[in-house]
Every structure is written in C-alpha cells, then in structure tokens.
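Encoded as structure tokens, the structure appears first; notes follow it.
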Amino acid sequence: MPPDTFETARLLLRPVTITDIDAIFEGYAQDGEVTRYLIWRPHRSRSETRAYVERCIATPSEVERTYMIAGRDDNVVRGAFALRQRARTVSIAVMSWHLPGGDKA
C-alpha cells in the first residue's frame with residue numbers, strides 16, 4: 001500500500017480531497033495541453049472535476065492512489081500524480097502525472 005504522503009523540502013504530495021475540486025478545475029483540468037496525453041479529456045465543468053475526484057477517493061488505495069502536488073509552505077496545488085498497482089501478483093507500480101505549464105505552475 002502506498003504511503004499517505006510524500007514530503008520534500010518544497011513539496012507535499014498528499015491524497016486528493018473533495019476540497020481540491022476548484023484548484024484542479026481552475027489549475028489544469030480544463031487545459032487541453034495538460035490533458036493531451038491523458039486518458040481523460042479537458043473538463044468542461046466543475047461537476048466533471050467533482051466526479052473525477054470522487055472516483056479517486058472511492059478507489060481503494062491498494063489499487064490506485066491519486067496525490068495532489070502542493071507547495072509545502074503554501075499548500076497551493078501545482079498538479080497531481082497517481083500510483084497504480086499493475087496486477088495483484090506483480091510488484092510493479094505505474095505512475096502518471098499532470099502538471100500545468102507556463103505561469104500556472
């Protein structure tokens with residue numbers, strides 16, 4: 001099972017929560033450049049982002065855990081990443097991430 005958080009000198013990687021909906025929607029979920037290579041398309045409404053966050057929260061952490069990448073000092077969301085277990089019998093984790101570019105980061 002993945003840890004609840006990861007910390008570096010500047011970043012806090014923590015599980016996604018329902019309070020992250022606005023930051024996700026406004027920060028990168030609408031951005032076609034960010035979502036270009038993801039399995040989901042840009043969100044057109046906060047309700048799409050809410051559904052995404054609710055799916056992330058509902059997924060058992062031993063299957064997949066979505067983390068928010070936030071500033072350690074300011075807790076501003078910079079992006080997200082997910083860890084997925086490939087198969088129960090194989091010890092391989094798959095990681096994906098999405099970060100806004102330009103002045104959004």
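Just remember, in the structure tokens the first chain shown is A, the second B, etc., residues are 1-based per chain, and ligands are 1-based in the order shown.
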As a PyMOL selection string, please: all residues of chain A that backbone DSSP puts in strand (DSSP E or B).
chain A and resi 6-7+11-15+64-71+77-87+90-98
If you keep N, CA and C atoms, can you produce a file of those selected residues as a JSON list (two decimals), in the first residue's frame?
```json
[["chain", "number", "residue", "atom", "x", "y", "z"],
["A", 6, "PHE", "N", 4.03, 12.10, 0.76],
["A", 6, "PHE", "CA", 5.45, 12.20, 0.48],
["A", 6, "PHE", "C", 5.81, 13.65, 0.75],
["A", 7, "GLU", "N", 6.98, 13.91, 1.29],
["A", 7, "GLU", "CA", 7.41, 15.28, 1.54],
["A", 7, "GLU", "C", 8.82, 15.49, 1.04],
["A", 11, "LEU", "N", 7.88, 20.48, -1.46],
["A", 11, "LEU", "CA", 6.59, 19.94, -1.87],
["A", 11, "LEU", "C", 6.00, 18.98, -0.85],
["A", 12, "LEU", "N", 4.69, 18.94, -0.84],
["A", 12, "LEU", "CA", 3.91, 17.97, -0.08],
["A", 12, "LEU", "C", 3.04, 17.24, -1.09],
["A", 13, "LEU", "N", 3.17, 15.95, -1.15],
["A", 13, "LEU", "CA", 2.33, 15.12, -2.02],
["A", 13, "LEU", "C", 1.37, 14.40, -1.11],
["A", 14, "ARG", "N", 0.09, 14.72, -1.23],
["A", 14, "ARG", "CA", -0.93, 14.23, -0.32],
["A", 14, "ARG", "C", -2.12, 13.70, -1.11],
["A", 15, "PRO", "N", -2.92, 12.82, -0.50],
["A", 15, "PRO", "CA", -4.08, 12.31, -1.22],
["A", 15, "PRO", "C", -5.04, 13.43, -1.63],
["A", 64, "GLU", "N", -5.14, 2.06, -6.44],
["A", 64, "GLU", "CA", -4.65, 3.31, -7.01],
["A", 64, "GLU", "C", -4.80, 4.41, -5.97],
["A", 65, "ARG", "N", -3.83, 5.30, -5.94],
["A", 65, "ARG", "CA", -3.94, 6.47, -5.08],
["A", 65, "ARG", "C", -3.52, 7.69, -5.89],
["A", 66, "THR", "N", -4.38, 8.71, -5.86],
["A", 66, "THR", "CA", -4.10, 9.97, -6.54],
["A", 66, "THR", "C", -3.63, 10.97, -5.49],
["A", 67, "TYR", "N", -2.50, 11.58, -5.77],
["A", 67, "TYR", "CA", -1.91, 12.56, -4.87],
["A", 67, "TYR", "C", -1.94, 13.94, -5.51],
["A", 68, "MET", "N", -2.14, 14.94, -4.67],
["A", 68, "MET", "CA", -2.00, 16.32, -5.11],
["A", 68, "MET", "C", -0.56, 16.73, -4.84],
["A", 69, "ILE", "N", 0.02, 17.45, -5.78],
["A", 69, "ILE", "CA", 1.37, 18.01, -5.61],
["A", 69, "ILE", "C", 1.14, 19.46, -5.17],
["A", 70, "ALA", "N", 1.47, 19.75, -3.92],
["A", 70, "ALA", "CA", 1.20, 21.07, -3.35],
["A", 70, "ALA", "C", 2.47, 21.65, -2.75],
["A", 71, "GLY", "N", 2.51, 22.96, -2.69],
["A", 71, "GLY", "CA", 3.63, 23.63, -2.03],
["A", 71, "GLY", "C", 3.62, 23.30, -0.56],
["A", 77, "VAL", "N", -1.96, 23.99, -4.88],
["A", 77, "VAL", "CA", -1.89, 22.81, -5.74],
["A", 77, "VAL", "C", -1.13, 23.15, -7.01],
["A", 78, "ARG", "N", -0.09, 22.36, -7.31],
["A", 78, "ARG", "CA", 0.73, 22.54, -8.51],
["A", 78, "ARG", "C", 0.40, 21.51, -9.57],
["A", 79, "GLY", "N", -0.23, 20.41, -9.19],
["A", 79, "GLY", "CA", -0.55, 19.33, -10.13],
["A", 79, "GLY", "C", -0.95, 18.09, -9.35],
["A", 80, "ALA", "N", -0.88, 16.95, -10.01],
["A", 80, "ALA", "CA", -1.27, 15.69, -9.37],
["A", 80, "ALA", "C", -0.52, 14.54, -9.99],
["A", 81, "PHE", "N", -0.49, 13.42, -9.27],
["A", 81, "PHE", "CA", 0.01, 12.19, -9.87],
["A", 81, "PHE", "C", -0.69, 11.02, -9.22],
["A", 82, "ALA", "N", -0.68, 9.90, -9.90],
["A", 82, "ALA", "CA", -1.34, 8.70, -9.40],
["A", 82, "ALA", "C", -0.37, 7.53, -9.41],
["A", 83, "LEU", "N", -0.50, 6.69, -8.41],
["A", 83, "LEU", "CA", 0.22, 5.43, -8.35],
["A", 83, "LEU", "C", -0.80, 4.31, -8.49],
["A", 84, "ARG", "N", -0.56, 3.42, -9.42],
["A", 84, "ARG", "CA", -1.46, 2.29, -9.65],
["A", 84, "ARG", "C", -0.69, 0.99, -9.54],
["A", 85, "GLN", "N", -1.31, 0.02, -8.92],
["A", 85, "GLN", "CA", -0.72, -1.32, -8.92],
["A", 85, "GLN", "C", -1.15, -1.99, -10.21],
["A", 86, "ARG", "N", -0.20, -2.50, -10.94],
["A", 86, "ARG", "CA", -0.46, -3.10, -12.25],
["A", 86, "ARG", "C", -1.28, -4.39, -12.14],
["A", 87, "ALA", "N", -0.90, -5.25, -11.23],
["A", 87, "ALA", "CA", -1.61, -6.51, -11.00],
["A", 87, "ALA", "C", -1.31, -6.96, -9.58],
["A", 90, "VAL", "N", 1.92, -8.98, -9.28],
["A", 90, "VAL", "CA", 3.18, -8.40, -9.76],
["A", 90, "VAL", "C", 3.49, -7.16, -8.94],
["A", 91, "SER", "N", 4.71, -7.01, -8.52],
["A", 91, "SER", "CA", 5.10, -5.85, -7.73],
["A", 91, "SER", "C", 5.59, -4.72, -8.62],
["A", 92, "ILE", "N", 4.70, -4.23, -9.44],
["A", 92, "ILE", "CA", 5.01, -3.11, -10.33],
["A", 92, "ILE", "C", 3.99, -2.01, -10.07],
["A", 93, "ALA", "N", 4.46, -0.81, -9.92],
["A", 93, "ALA", "CA", 3.57, 0.34, -9.79],
["A", 93, "ALA", "C", 3.69, 1.19, -11.05],
["A", 94, "VAL", "N", 2.58, 1.72, -11.49],
["A", 94, "VAL", "CA", 2.56, 2.60, -12.65],
["A", 94, "VAL", "C", 2.28, 4.00, -12.14],
["A", 95, "MET", "N", 3.07, 4.96, -12.59],
["A", 95, "MET", "CA", 2.90, 6.33, -12.14],
["A", 95, "MET", "C", 2.54, 7.21, -13.32],
["A", 96, "SER", "N", 1.57, 8.08, -13.12],
["A", 96, "SER", "CA", 1.25, 9.10, -14.13],
["A", 96, "SER", "C", 1.13, 10.43, -13.42],
["A", 97, "TRP", "N", 1.35, 11.51, -14.12],
["A", 97, "TRP", "CA", 1.27, 12.82, -13.51],
["A", 97, "TRP", "C", 0.75, 13.83, -14.52],
["A", 98, "HIS", "N", 0.26, 14.94, -14.02],
["A", 98, "HIS", "CA", -0.15, 16.04, -14.87],
["A", 98, "HIS", "C", 0.16, 17.35, -14.14]]
```
In chain A, what's alpha helix (DSSP H) per DSSP? Answer as a tab-separated table (two decimals) with N, CA and C atoms, in the first residue's frame?
```
chain	number	residue	atom	x	y	z
A	21	ILE	N	-11.27	20.31	-5.60
A	21	ILE	CA	-12.01	20.42	-6.86
A	21	ILE	C	-11.72	21.73	-7.58
A	22	ASP	N	-11.86	22.86	-6.90
A	22	ASP	CA	-11.63	24.16	-7.56
A	22	ASP	C	-10.21	24.29	-8.07
A	23	ALA	N	-9.22	23.90	-7.26
A	23	ALA	CA	-7.82	24.01	-7.68
A	23	ALA	C	-7.54	23.14	-8.91
A	24	ILE	N	-8.10	21.95	-8.95
A	24	ILE	CA	-7.91	21.06	-10.09
A	24	ILE	C	-8.58	21.64	-11.33
A	32	GLY	N	-6.22	21.81	-22.37
A	32	GLY	CA	-6.01	20.78	-23.38
A	32	GLY	C	-4.56	20.36	-23.52
A	33	GLU	N	-3.62	21.25	-23.24
A	33	GLU	CA	-2.21	20.88	-23.31
A	33	GLU	C	-1.83	19.94	-22.16
A	34	VAL	N	-2.42	20.14	-21.00
A	34	VAL	CA	-2.14	19.27	-19.86
A	34	VAL	C	-2.77	17.90	-20.08
A	35	THR	N	-3.99	17.87	-20.58
A	35	THR	CA	-4.72	16.60	-20.72
A	35	THR	C	-4.47	15.91	-22.06
A	46	ARG	N	-17.19	22.09	-13.38
A	46	ARG	CA	-16.74	21.62	-12.07
A	46	ARG	C	-17.37	20.28	-11.71
A	47	SER	N	-18.55	20.01	-12.24
A	47	SER	CA	-19.19	18.72	-11.93
A	47	SER	C	-18.38	17.56	-12.51
A	48	GLU	N	-17.73	17.76	-13.66
A	48	GLU	CA	-16.84	16.72	-14.19
A	48	GLU	C	-15.64	16.51	-13.27
A	49	THR	N	-15.10	17.61	-12.77
A	49	THR	CA	-13.96	17.52	-11.86
A	49	THR	C	-14.39	16.87	-10.55
A	50	ARG	N	-15.56	17.21	-10.07
A	50	ARG	CA	-16.08	16.59	-8.84
A	50	ARG	C	-16.20	15.08	-9.03
A	51	ALA	N	-16.75	14.64	-10.16
A	51	ALA	CA	-16.90	13.21	-10.43
A	51	ALA	C	-15.54	12.52	-10.46
A	52	TYR	N	-14.55	13.17	-11.07
A	52	TYR	CA	-13.19	12.63	-11.12
A	52	TYR	C	-12.62	12.47	-9.71
A	53	VAL	N	-12.75	13.52	-8.88
A	53	VAL	CA	-12.22	13.48	-7.51
A	53	VAL	C	-12.94	12.41	-6.70
A	54	GLU	N	-14.24	12.31	-6.86
A	54	GLU	CA	-15.00	11.29	-6.13
A	54	GLU	C	-14.55	9.88	-6.52
A	55	ARG	N	-14.26	9.67	-7.82
A	55	ARG	CA	-13.73	8.36	-8.26
A	55	ARG	C	-12.36	8.10	-7.63
A	56	CYS	N	-11.52	9.11	-7.61
A	56	CYS	CA	-10.19	8.95	-7.00
A	56	CYS	C	-10.31	8.56	-5.53
A	57	ILE	N	-11.18	9.23	-4.81
A	57	ILE	CA	-11.35	8.97	-3.38
A	57	ILE	C	-11.95	7.58	-3.15
A	58	ALA	N	-12.88	7.17	-4.01
A	58	ALA	CA	-13.57	5.89	-3.83
A	58	ALA	C	-12.70	4.69	-4.18
```
Which of these, A:Gly27, A:Thr59, A:Thr17, A:Tyr37, has the shortest distance to A:Val76 once you count only C-alpha atoms?
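The closest residue to A:Val76 is A:Gly27.
Note that the spacing between atom CA of A:Ile18 and atom CA of A:Thr5 amounts to 16.6 Å.
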